[in-house]
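A short write-up of the structure that comes next.
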Amino acid sequence: MARESQSSPSTPHAFPFRLVERSETVGERQVAIVLSTAAGFLRRNEPWPVSLVVEALAQAILLLDPPERLERVRLAALQNVSLLQEVVAGDRLLVDVEPLGSLGELRRYRCRATRGGASVALADVTVTS
């Protein structure tokens with residue numbers, strides 16, 4: 001499976017709140033890379049809280065489907081959130097973002113994080129743009 005690193009648009013998040021590192025092409029799809037250091041907030045053996053995992057999923061949208069005006073993007077809704085495995089510091093997650101649709105300024109996505117090919121987290125994320 002070929003991997004190619006991309007120069008990605010940035011997120012408005014800065015240290016310590018930026019969780020997504022960059023985007024890559026894996027096979028024929030574009031994914032966001034999350035290196036789960038949690039910016040030093042958590043000890044190495046503590047699992048990430050589900051809220052931090054979902055934030056990483058939402059930040060992946062900004063890299064993979066950037067809006068025209070980044071300063072106007074807001075998280076509007078979360079649905080069908082599932083944490084299937086614990087995420088701990090040191091994990092490398094690949095986040096796949098699938099657009100589900102839009103209505104006016106609302107955009108909805110299905111976000112899926114995997115680690116070593118196994119699903120770790122799923123969520124339907126709605127953002128405003």
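Each chain in the structure tokens gets a letter, A, B, ..., in the order shown, and its residues are numbered from 1; ligands are numbered from 1 in order too.
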
Can you tell me which residues surround A:Ala118 at a distance of at most 10 Å, considering only C-alpha atoms, apart from same-chain residues fewer than 5 positions away, and format the answer as a CSV table (one decimal) with all heavy atoms, in the first residue's frame?
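This is the output file out.csv:
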chain,number,residue,atom,x,y,z
A,84,LEU,N,-14.6,2.3,20.1
A,84,LEU,CA,-14.5,0.8,20.0
A,84,LEU,C,-13.3,0.2,20.7
A,84,LEU,O,-13.4,-1.0,21.1
A,84,LEU,CB,-14.5,0.4,18.6
A,84,LEU,CG,-15.7,1.0,17.7
A,84,LEU,CD1,-15.5,0.7,16.3
A,84,LEU,CD2,-17.0,0.5,18.2
A,85,GLN,N,-12.3,1.0,20.9
A,85,GLN,CA,-11.1,0.6,21.6
A,85,GLN,C,-10.5,1.8,22.3
A,85,GLN,O,-10.7,2.9,21.8
A,85,GLN,CB,-10.0,0.0,20.6
A,85,GLN,CG,-10.4,-1.2,19.8
A,85,GLN,CD,-9.3,-1.7,18.9
A,85,GLN,OE1,-8.1,-1.5,19.1
A,85,GLN,NE2,-9.7,-2.3,17.8
A,93,LEU,N,-3.2,7.0,14.8
A,93,LEU,CA,-4.5,6.8,14.2
A,93,LEU,C,-4.6,7.3,12.8
A,93,LEU,O,-4.1,8.4,12.5
A,93,LEU,CB,-5.6,7.5,15.0
A,93,LEU,CG,-5.7,7.1,16.5
A,93,LEU,CD1,-6.8,7.9,17.2
A,93,LEU,CD2,-5.8,5.6,16.7
A,113,ALA,N,-11.8,6.4,12.7
A,113,ALA,CA,-10.4,6.3,13.1
A,113,ALA,C,-10.0,4.8,13.2
A,113,ALA,O,-10.8,4.0,13.8
A,113,ALA,CB,-10.2,7.0,14.4

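Minimum atom-to-atom distance to A:Glu105, evaluated using only C-alpha atoms, belongs to A:Thr128 out of A:Asn80, A:Thr128, A:Ser119, A:Ser51.
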
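Nearest residue to A:Leu64 among A:Leu19, A:Tyr109, A:Asn45, A:Leu35 is A:Tyr109, counting only C-alpha atoms.
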
Margin query: For a test of reading the model, state the distance in Å between atom CA of A:Gln30 and atom CA of A:Thr126, rounded to one decimal.
Written below: 19.5 Å

Check: Which residues come within 8 Å of A:Pro99, counting only C-alpha atoms, excluding same-chain residues fewer than 4 positions away, as number ranges by chain?
Finding: A: 107-110

Those residues you just picked out, can you put them in a file as an mmCIF file, in the first residue's frame with C-alpha atoms?
data_model
loop_
_atom_site.group_PDB
_atom_site.id
_atom_site.type_symbol
_atom_site.label_atom_id
_atom_site.label_comp_id
_atom_site.auth_asym_id
_atom_site.auth_seq_id
_atom_site.Cartn_x
_atom_site.Cartn_y
_atom_site.Cartn_z
ATOM 1 C CA ARG A 107 -22.014 19.972 6.505
ATOM 2 C CA ARG A 108 -22.236 16.407 7.838
ATOM 3 C CA TYR A 109 -19.465 13.785 7.787
ATOM 4 C CA ARG A 110 -18.907 10.220 8.889
#

Find the residues near A:Pro47: any atom within 8 Å, counting only C-alpha atoms, skip ones fewer than 5 places away on the same chain, and give them as a compact mmCIF listing (two decimals) with C-alpha atoms, in the first residue's frame.
# COMPACT_ATOMS: atom_id res chain seq x y z
CA LEU A 42 -2.16 12.53 29.89
CA GLU A 86 -9.04 2.63 24.02
CA VAL A 87 -6.66 5.20 22.59
CA VAL A 88 -3.51 5.81 24.62
CA ALA A 89 -0.54 8.12 24.21

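Nearest to A:Trp48 of all the residues A:Val120, A:Leu100, A:Val125, A:Ala32 is A:Val120, based on only C-alpha atoms.
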
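Each of A:Leu70, A:Val50, A:Ile33, A:Ala77 was checked against A:Val95 using only C-alpha atoms; the smallest atom-to-atom distance is that of A:Ile33.
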
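Using only C-alpha atoms for every distance, the candidate list A:Leu106, A:Val97, A:Leu52, A:Leu83 yields A:Leu83 as the residue closest to A:Ala121.
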
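Within 10 Å of A:Arg29, once only C-alpha atoms are used and residues closer than 2 positions along the same chain are dropped, the contacting residues are Arg3, Glu24, Thr25, Val26, Gly27, Val31, Asp96 and Val97 of chain A.
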
Note to self: Among stretch 44-123 of chain A, which ones does DSSP assign to strand (DSSP E or B) (computed from the backbone)? Answer as a PyMOL selection string.
What the structure shows: chain A and resi 47+74-83+88+92-103+106-115+118-123
